[in-house]
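Dropping data-v9.cif in here (mmCIF, C-alpha atoms):
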```cif
data_coords
loop_
_atom_site.group_PDB
_atom_site.id
_atom_site.type_symbol
_atom_site.label_atom_id
_atom_site.label_comp_id
_atom_site.auth_asym_id
_atom_site.auth_seq_id
_atom_site.Cartn_x
_atom_site.Cartn_y
_atom_site.Cartn_z
ATOM 1 C CA MET A 10 5.337 -41.384 5.242
ATOM 2 C CA ASN A 11 4.751 -38.522 7.650
ATOM 3 C CA TRP A 12 1.763 -39.473 9.833
ATOM 4 C CA LYS A 13 1.385 -36.174 11.626
ATOM 5 C CA PRO A 14 -0.464 -34.353 8.812
ATOM 6 C CA VAL A 15 -2.727 -37.369 8.244
ATOM 7 C CA ALA A 16 -3.524 -37.701 11.947
ATOM 8 C CA ALA A 17 -4.101 -33.968 12.244
ATOM 9 C CA GLY A 18 -6.443 -34.114 9.249
ATOM 10 C CA LEU A 19 -8.394 -36.972 10.815
ATOM 11 C CA LEU A 20 -8.657 -35.128 14.112
ATOM 12 C CA MET A 21 -9.825 -31.981 12.371
ATOM 13 C CA ALA A 22 -12.319 -33.922 10.281
ATOM 14 C CA GLY A 23 -13.606 -35.666 13.386
ATOM 15 C CA SER A 24 -13.888 -32.421 15.315
ATOM 16 C CA ALA A 25 -15.682 -30.757 12.430
ATOM 17 C CA ALA A 26 -18.532 -33.224 12.772
ATOM 18 C CA PRO A 27 -21.478 -31.523 14.430
ATOM 19 C CA LEU A 28 -22.216 -32.414 17.990
ATOM 20 C CA VAL A 29 -25.796 -33.492 18.348
ATOM 21 C CA ALA A 30 -27.552 -31.790 21.220
ATOM 22 C CA HIS A 31 -30.853 -33.307 22.180
ATOM 23 C CA ALA A 32 -33.267 -31.517 24.448
ATOM 24 C CA THR A 33 -36.920 -32.237 24.878
ATOM 25 C CA VAL A 34 -39.128 -29.903 26.867
ATOM 26 C CA TYR A 35 -42.093 -31.864 28.179
ATOM 27 C CA LEU A 36 -43.662 -29.183 30.369
ATOM 28 C CA THR A 37 -43.157 -25.547 31.190
ATOM 29 C CA VAL A 38 -42.900 -24.688 34.871
ATOM 30 C CA ALA A 39 -46.430 -23.226 34.726
ATOM 31 C CA GLN A 40 -47.776 -26.410 33.101
ATOM 32 C CA ALA A 41 -46.065 -28.570 35.737
ATOM 33 C CA GLN A 42 -47.539 -26.400 38.503
ATOM 34 C CA GLN A 43 -51.039 -26.843 37.081
ATOM 35 C CA LYS A 44 -50.568 -30.565 36.519
ATOM 36 C CA MET A 45 -49.325 -31.136 40.052
ATOM 37 C CA PHE A 46 -51.470 -28.594 41.949
ATOM 38 C CA ALA A 47 -54.400 -27.802 39.634
ATOM 39 C CA GLY A 48 -55.812 -24.353 40.315
ATOM 40 C CA ALA A 49 -53.830 -23.799 43.520
ATOM 41 C CA ALA A 50 -52.259 -20.409 44.183
ATOM 42 C CA MET A 51 -48.503 -20.487 44.716
ATOM 43 C CA GLN A 52 -46.087 -18.044 46.237
ATOM 44 C CA ARG A 53 -42.380 -18.130 45.531
ATOM 45 C CA VAL A 54 -40.249 -18.377 48.655
ATOM 46 C CA VAL A 55 -36.533 -17.845 49.016
ATOM 47 C CA VAL A 56 -34.700 -20.649 50.740
ATOM 48 C CA GLY A 57 -31.471 -19.225 52.140
ATOM 49 C CA MET A 58 -29.062 -21.973 53.062
ATOM 50 C CA THR A 59 -26.030 -21.705 55.310
ATOM 51 C CA ASP A 60 -22.680 -23.144 54.249
ATOM 52 C CA ASP A 61 -23.190 -25.951 56.779
ATOM 53 C CA GLN A 62 -26.610 -26.801 55.296
ATOM 54 C CA ILE A 63 -25.160 -26.809 51.777
ATOM 55 C CA LYS A 64 -22.392 -29.194 52.902
ATOM 56 C CA ALA A 65 -24.889 -31.433 54.728
ATOM 57 C CA LEU A 66 -27.132 -31.546 51.650
ATOM 58 C CA LYS A 67 -24.212 -32.505 49.413
ATOM 59 C CA LYS A 68 -23.152 -35.210 51.862
ATOM 60 C CA ALA A 69 -26.694 -36.616 52.225
ATOM 61 C CA THR A 70 -27.427 -36.726 48.497
ATOM 62 C CA GLY A 71 -24.093 -36.865 46.686
ATOM 63 C CA ILE A 72 -25.225 -33.993 44.450
ATOM 64 C CA TYR A 73 -22.612 -31.294 44.025
ATOM 65 C CA HIS A 74 -24.517 -29.222 41.483
ATOM 66 C CA PRO A 75 -25.868 -26.279 43.506
ATOM 67 C CA PHE A 76 -29.483 -26.222 44.571
ATOM 68 C CA LYS A 77 -31.241 -23.213 43.046
ATOM 69 C CA ALA A 78 -33.268 -21.769 45.860
ATOM 70 C CA ASP A 79 -35.200 -19.443 43.514
ATOM 71 C CA GLN A 80 -37.502 -22.180 42.205
ATOM 72 C CA VAL A 81 -39.307 -23.001 45.454
ATOM 73 C CA TYR A 82 -43.031 -22.287 45.813
ATOM 74 C CA LYS A 83 -45.384 -22.633 48.770
ATOM 75 C CA VAL A 84 -48.799 -23.861 47.732
ATOM 76 C CA ALA A 85 -51.945 -22.344 49.216
ATOM 77 C CA GLY A 86 -53.511 -24.869 51.553
ATOM 78 C CA GLY A 87 -50.176 -26.573 52.201
ATOM 79 C CA GLY A 88 -47.551 -28.232 50.102
ATOM 80 C CA TRP A 89 -44.521 -27.201 48.106
ATOM 81 C CA PHE A 90 -43.643 -27.131 44.431
ATOM 82 C CA VAL A 91 -39.911 -27.179 43.644
ATOM 83 C CA VAL A 92 -38.018 -27.120 40.345
ATOM 84 C CA ASP A 93 -34.473 -28.448 40.383
ATOM 85 C CA GLN A 94 -31.787 -29.837 38.099
ATOM 86 C CA VAL A 95 -29.493 -32.838 38.323
ATOM 87 C CA LEU A 96 -26.882 -34.173 35.957
ATOM 88 C CA GLY A 97 -28.000 -37.153 33.882
ATOM 89 C CA LYS A 98 -24.968 -38.772 32.299
ATOM 90 C CA HIS A 99 -23.665 -35.712 30.459
ATOM 91 C CA GLU A 100 -26.491 -33.170 30.463
ATOM 92 C CA MET A 101 -28.789 -31.590 33.017
ATOM 93 C CA ILE A 102 -32.267 -32.955 33.728
ATOM 94 C CA THR A 103 -34.817 -30.390 34.889
ATOM 95 C CA TYR A 104 -37.532 -31.846 37.080
ATOM 96 C CA ALA A 105 -40.263 -30.731 39.464
ATOM 97 C CA VAL A 106 -41.328 -32.220 42.767
ATOM 98 C CA ALA A 107 -44.712 -31.630 44.378
ATOM 99 C CA LEU A 108 -44.759 -32.165 48.123
ATOM 100 C CA ASN A 109 -47.798 -32.588 50.327
ATOM 101 C CA ALA A 110 -48.247 -30.425 53.418
ATOM 102 C CA ASP A 111 -46.684 -33.193 55.551
ATOM 103 C CA GLY A 112 -43.514 -33.189 53.402
ATOM 104 C CA SER A 113 -44.225 -36.458 51.599
ATOM 105 C CA VAL A 114 -43.806 -36.644 47.833
ATOM 106 C CA LYS A 115 -47.048 -36.044 45.971
ATOM 107 C CA GLN A 116 -45.697 -36.241 42.414
ATOM 108 C CA VAL A 117 -42.506 -35.955 40.354
ATOM 109 C CA GLU A 118 -42.344 -34.774 36.740
ATOM 110 C CA VAL A 119 -39.437 -34.445 34.311
ATOM 111 C CA ILE A 120 -39.740 -31.003 32.752
ATOM 112 C CA GLU A 121 -36.797 -31.098 30.353
ATOM 113 C CA TYR A 122 -34.550 -33.989 29.358
ATOM 114 C CA ARG A 123 -31.392 -33.267 27.384
ATOM 115 C CA GLU A 124 -29.693 -36.667 27.091
ATOM 116 C CA THR A 125 -29.795 -38.641 23.841
ATOM 117 C CA TYR A 126 -30.889 -41.795 25.682
ATOM 118 C CA GLY A 127 -32.175 -42.812 29.107
ATOM 119 C CA GLY A 128 -35.418 -40.854 28.838
ATOM 120 C CA ASP A 129 -37.303 -43.748 30.428
ATOM 121 C CA VAL A 130 -36.848 -41.916 33.727
ATOM 122 C CA ARG A 131 -39.852 -39.815 32.805
ATOM 123 C CA ASN A 132 -42.193 -42.822 32.704
ATOM 124 C CA ALA A 133 -45.065 -42.394 35.139
ATOM 125 C CA SER A 134 -44.558 -45.881 36.595
ATOM 126 C CA TRP A 135 -40.926 -45.146 37.440
ATOM 127 C CA LEU A 136 -41.617 -41.665 38.812
ATOM 128 C CA GLY A 137 -44.531 -43.104 40.796
ATOM 129 C CA GLN A 138 -42.043 -44.914 43.042
ATOM 130 C CA PHE A 139 -41.396 -41.622 44.818
ATOM 131 C CA VAL A 140 -45.014 -40.928 45.785
ATOM 132 C CA GLY A 141 -45.409 -41.033 49.548
ATOM 133 C CA LYS A 142 -41.680 -41.007 50.309
ATOM 134 C CA THR A 143 -40.449 -38.759 53.116
ATOM 135 C CA ALA A 144 -37.085 -37.704 54.512
ATOM 136 C CA ALA A 145 -37.151 -40.923 56.570
ATOM 137 C CA ASP A 146 -36.922 -43.078 53.417
ATOM 138 C CA PRO A 147 -33.496 -44.234 52.177
ATOM 139 C CA PHE A 148 -33.908 -43.163 48.495
ATOM 140 C CA LYS A 149 -31.556 -45.965 47.515
ATOM 141 C CA LEU A 150 -31.299 -47.007 43.871
ATOM 142 C CA ASN A 151 -31.752 -50.790 43.586
ATOM 143 C CA GLY A 152 -33.185 -50.640 47.105
ATOM 144 C CA ASP A 153 -36.437 -48.761 47.639
ATOM 145 C CA VAL A 154 -36.137 -47.251 44.132
ATOM 146 C CA LYS A 155 -35.827 -49.533 41.114
ATOM 147 C CA ASN A 156 -33.149 -48.832 38.545
ATOM 148 C CA ILE A 157 -33.799 -48.512 34.817
ATOM 149 C CA SER A 158 -31.327 -50.480 32.724
ATOM 150 C CA GLY A 159 -29.693 -48.149 30.216
ATOM 151 C CA ALA A 160 -30.529 -45.102 32.321
ATOM 152 C CA THR A 161 -28.633 -45.894 35.489
ATOM 153 C CA LEU A 162 -26.998 -42.499 35.960
ATOM 154 C CA SER A 163 -30.194 -40.603 35.204
ATOM 155 C CA SER A 164 -32.074 -42.917 37.579
ATOM 156 C CA ARG A 165 -29.512 -42.469 40.331
ATOM 157 C CA HIS A 166 -29.258 -38.713 39.976
ATOM 158 C CA LEU A 167 -33.015 -38.141 39.836
ATOM 159 C CA THR A 168 -33.406 -40.334 42.918
ATOM 160 C CA ASP A 169 -30.770 -38.251 44.704
ATOM 161 C CA GLY A 170 -32.456 -35.077 43.465
ATOM 162 C CA VAL A 171 -35.877 -36.006 44.838
ATOM 163 C CA LYS A 172 -34.203 -36.834 48.148
ATOM 164 C CA ARG A 173 -32.555 -33.404 48.067
ATOM 165 C CA ILE A 174 -35.925 -31.670 47.644
ATOM 166 C CA VAL A 175 -37.488 -33.672 50.477
ATOM 167 C CA LEU A 176 -34.585 -32.755 52.777
ATOM 168 C CA VAL A 177 -34.729 -29.064 51.860
ATOM 169 C CA ARG A 178 -38.444 -29.007 52.623
ATOM 170 C CA GLN A 179 -37.847 -30.737 55.968
ATOM 171 C CA TRP A 180 -35.256 -28.120 56.941
ATOM 172 C CA PHE A 181 -37.417 -25.198 55.832
ATOM 173 C CA ALA A 182 -40.920 -26.439 56.707
ATOM 174 C CA HIS A 183 -41.375 -23.307 58.845
ATOM 175 C CA LEU A 184 -41.372 -20.992 55.791
#
```
Mind turning this structure into structure tokens?
Amino acid sequence: MNWKPVAAGLLMAGSAAPLVAHATVYLTVAQAQQKMFAGAAMQRVVVGMTDDQIKALKKATGIYHPFKADQVYKVAGGGWFVVDQVLGKHEMITYAVALNADGSVKQVEVIEYRETYGGDVRNASWLGQFVGKTAADPFKLNGDVKNISGATLSSRHLTDGVKRIVLVRQWFAHL
């Protein structure tokens, strides 16, 4: 029996199966802004980073997905609102971080989650671990940040992402 046609048929049948993409939008950027800084005026600021700063940020956080500097907002009366993305296991997670005027984390919200599992990272109790953290904190999964079983990569990458935002704000506090 010639197995090549059978194997090719199985491969084709397997590849013809639809890939299931799962994306849940929990908040728009405008809704996240209102939830995190109700009624506050915001002004978009451009954060221009040097190659050395980009390298330092990658080294400090382990995130190699580029930081989008076009989603940074200064909040009237102090504070920052930043939208960023990190890789979950296979798909990107869009999240927002609200920072107080002193650079400490005020709140973190998951805006859009695209993975088929691991969505527990959007639980308020888990996200609440970041409140009050500053650039001086380690942001270490299974250290000062608890892991979520079954969502380890999403937990790790969101932890690294929040650290990234805190570091960016520290470097650009003068804006």
Determine the residue membership of the PyMOL selection byres ((chain A and resi 37) around 12) for the file above and supply it as a ChimeraX atom specification. /A:33-36,38-44,92,103-105,118-121
Closest of A:Gly57, A:Gly127, A:Gly137, A:Gly112 to A:Ile174 - atom-to-atom distances counting only C-alpha atoms: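 Answer, going by the shortest atom-to-atom distance: A:Gly112.
Each of A:Leu136, A:Ala65, A:Val81, A:Ala32 was compared to A:Ala182 using all atoms listed in the file, and A:Val81 turns out to be the nearest.
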Taking into account all atoms listed in the file, which residue in the set A:Asp79, A:Thr143, A:Gly71, A:Phe90 is nearest to A:Val55?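 Nearest to A:Val55: A:Asp79.
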Which value, in Å to one decimal, gives the distance between atom CA of A:Val114 and atom CA of A:Lys64? 23.2 Å
Pick out the residues sitting within 12 Å of A:Val56, and hand them over as a ChimeraX atom specification; count all atoms listed in the file, and ignore anything fewer than 2 positions along from it in its own chain. /A:53-54,58-59,62-63,76-83,91,174,177-184
To one decimal place in Å, what is the distance between atom CA of A:Tyr73 and atom CA of A:Phe148?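 We find that atom CA of A:Tyr73 and atom CA of A:Phe148 lie 17.0 Å from each other.
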Which one is closest to A:Asn109: A:Lys142, A:Arg173, A:Lys155, A:Arg123? Count only C-alpha atoms.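 Of the candidates, the smallest distance to A:Asn109 is held by A:Lys142.
The nearest approach to A:Lys98 among the residues A:Thr125, A:Arg131, A:Val140, A:Ser113, with all atoms listed in the file taken into account, belongs to A:Thr125.
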My list of candidates is A:Leu66, A:Leu96, A:Ile157, A:Ala144. Which is closest to A:Asp129 when distances are computed with all atoms listed in the file?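 Going through A:Leu66, A:Leu96, A:Ile157, A:Ala144 one by one, the smallest distance to A:Asp129 is for A:Ile157.
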Can you rebuild stretch 57-78 of chain A with N, CA, C and O atoms and give it as an mmCIF file, in the coordinates of the input?
```
data_model
loop_
_atom_site.group_PDB
_atom_site.id
_atom_site.type_symbol
_atom_site.label_atom_id
_atom_site.label_comp_id
_atom_site.auth_asym_id
_atom_site.auth_seq_id
_atom_site.Cartn_x
_atom_site.Cartn_y
_atom_site.Cartn_z
ATOM 1 N N GLY A 57 -32.869 -19.591 51.918
ATOM 2 C CA GLY A 57 -31.471 -19.225 52.140
ATOM 3 C C GLY A 57 -30.780 -20.292 52.963
ATOM 4 O O GLY A 57 -31.202 -20.605 54.072
ATOM 5 N N MET A 58 -29.752 -20.874 52.387
ATOM 6 C CA MET A 58 -29.062 -21.973 53.062
ATOM 7 C C MET A 58 -27.697 -21.520 53.561
ATOM 8 O O MET A 58 -26.988 -20.795 52.882
ATOM 9 N N THR A 59 -27.349 -21.987 54.752
ATOM 10 C CA THR A 59 -26.030 -21.705 55.310
ATOM 11 C C THR A 59 -25.008 -22.616 54.640
ATOM 12 O O THR A 59 -25.372 -23.629 54.010
ATOM 13 N N ASP A 60 -23.736 -22.287 54.796
ATOM 14 C CA ASP A 60 -22.680 -23.144 54.249
ATOM 15 C C ASP A 60 -22.753 -24.549 54.847
ATOM 16 O O ASP A 60 -22.538 -25.531 54.142
ATOM 17 N N ASP A 61 -23.077 -24.637 56.126
ATOM 18 C CA ASP A 61 -23.190 -25.951 56.779
ATOM 19 C C ASP A 61 -24.349 -26.760 56.196
ATOM 20 O O ASP A 61 -24.231 -27.975 56.011
ATOM 21 N N GLN A 62 -25.471 -26.101 55.897
ATOM 22 C CA GLN A 62 -26.610 -26.801 55.296
ATOM 23 C C GLN A 62 -26.268 -27.264 53.886
ATOM 24 O O GLN A 62 -26.634 -28.372 53.491
ATOM 25 N N ILE A 63 -25.567 -26.439 53.141
ATOM 26 C CA ILE A 63 -25.160 -26.809 51.777
ATOM 27 C C ILE A 63 -24.254 -28.037 51.830
ATOM 28 O O ILE A 63 -24.429 -28.991 51.068
ATOM 29 N N LYS A 64 -23.297 -28.046 52.747
ATOM 30 C CA LYS A 64 -22.392 -29.194 52.902
ATOM 31 C C LYS A 64 -23.166 -30.444 53.321
ATOM 32 O O LYS A 64 -22.920 -31.533 52.810
ATOM 33 N N ALA A 65 -24.089 -30.287 54.261
ATOM 34 C CA ALA A 65 -24.889 -31.433 54.728
ATOM 35 C C ALA A 65 -25.748 -31.990 53.602
ATOM 36 O O ALA A 65 -25.897 -33.208 53.469
ATOM 37 N N LEU A 66 -26.302 -31.112 52.776
ATOM 38 C CA LEU A 66 -27.132 -31.546 51.650
ATOM 39 C C LEU A 66 -26.295 -32.300 50.627
ATOM 40 O O LEU A 66 -26.710 -33.346 50.121
ATOM 41 N N LYS A 67 -25.105 -31.814 50.339
ATOM 42 C CA LYS A 67 -24.212 -32.505 49.413
ATOM 43 C C LYS A 67 -23.824 -33.879 49.953
ATOM 44 O O LYS A 67 -23.812 -34.859 49.215
ATOM 45 N N LYS A 68 -23.541 -33.942 51.253
ATOM 46 C CA LYS A 68 -23.152 -35.210 51.862
ATOM 47 C C LYS A 68 -24.314 -36.203 51.856
ATOM 48 O O LYS A 68 -24.138 -37.382 51.572
ATOM 49 N N ALA A 69 -25.519 -35.737 52.140
ATOM 50 C CA ALA A 69 -26.694 -36.616 52.225
ATOM 51 C C ALA A 69 -27.142 -37.134 50.865
ATOM 52 O O ALA A 69 -27.711 -38.219 50.768
ATOM 53 N N THR A 70 -26.902 -36.355 49.813
ATOM 54 C CA THR A 70 -27.427 -36.726 48.497
ATOM 55 C C THR A 70 -26.356 -37.079 47.471
ATOM 56 O O THR A 70 -26.666 -37.719 46.469
ATOM 57 N N GLY A 71 -25.147 -36.637 47.675
ATOM 58 C CA GLY A 71 -24.093 -36.865 46.686
ATOM 59 C C GLY A 71 -24.176 -35.924 45.500
ATOM 60 O O GLY A 71 -23.431 -36.070 44.539
ATOM 61 N N ILE A 72 -25.070 -34.947 45.551
ATOM 62 C CA ILE A 72 -25.225 -33.993 44.450
ATOM 63 C C ILE A 72 -24.381 -32.767 44.747
ATOM 64 O O ILE A 72 -24.564 -32.116 45.771
ATOM 65 N N TYR A 73 -23.483 -32.453 43.835
ATOM 66 C CA TYR A 73 -22.612 -31.294 44.025
ATOM 67 C C TYR A 73 -23.026 -30.104 43.174
ATOM 68 O O TYR A 73 -22.530 -29.014 43.361
ATOM 69 N N HIS A 74 -23.951 -30.337 42.250
ATOM 70 C CA HIS A 74 -24.517 -29.222 41.483
ATOM 71 C C HIS A 74 -25.355 -28.398 42.465
ATOM 72 O O HIS A 74 -26.161 -28.954 43.206
ATOM 73 N N PRO A 75 -25.168 -27.086 42.490
ATOM 74 C CA PRO A 75 -25.868 -26.279 43.506
ATOM 75 C C PRO A 75 -27.390 -26.318 43.374
ATOM 76 O O PRO A 75 -27.927 -26.374 42.274
ATOM 77 N N PHE A 76 -28.032 -26.301 44.517
ATOM 78 C CA PHE A 76 -29.483 -26.222 44.571
ATOM 79 C C PHE A 76 -29.880 -24.776 44.317
ATOM 80 O O PHE A 76 -29.381 -23.866 44.970
ATOM 81 N N LYS A 77 -30.775 -24.568 43.357
ATOM 82 C CA LYS A 77 -31.241 -23.213 43.046
ATOM 83 C C LYS A 77 -32.448 -22.906 43.920
ATOM 84 O O LYS A 77 -33.534 -23.415 43.692
ATOM 85 N N ALA A 78 -32.225 -22.069 44.887
ATOM 86 C CA ALA A 78 -33.268 -21.769 45.860
ATOM 87 C C ALA A 78 -34.331 -20.807 45.328
ATOM 88 O O ALA A 78 -35.264 -20.475 46.038
#
```
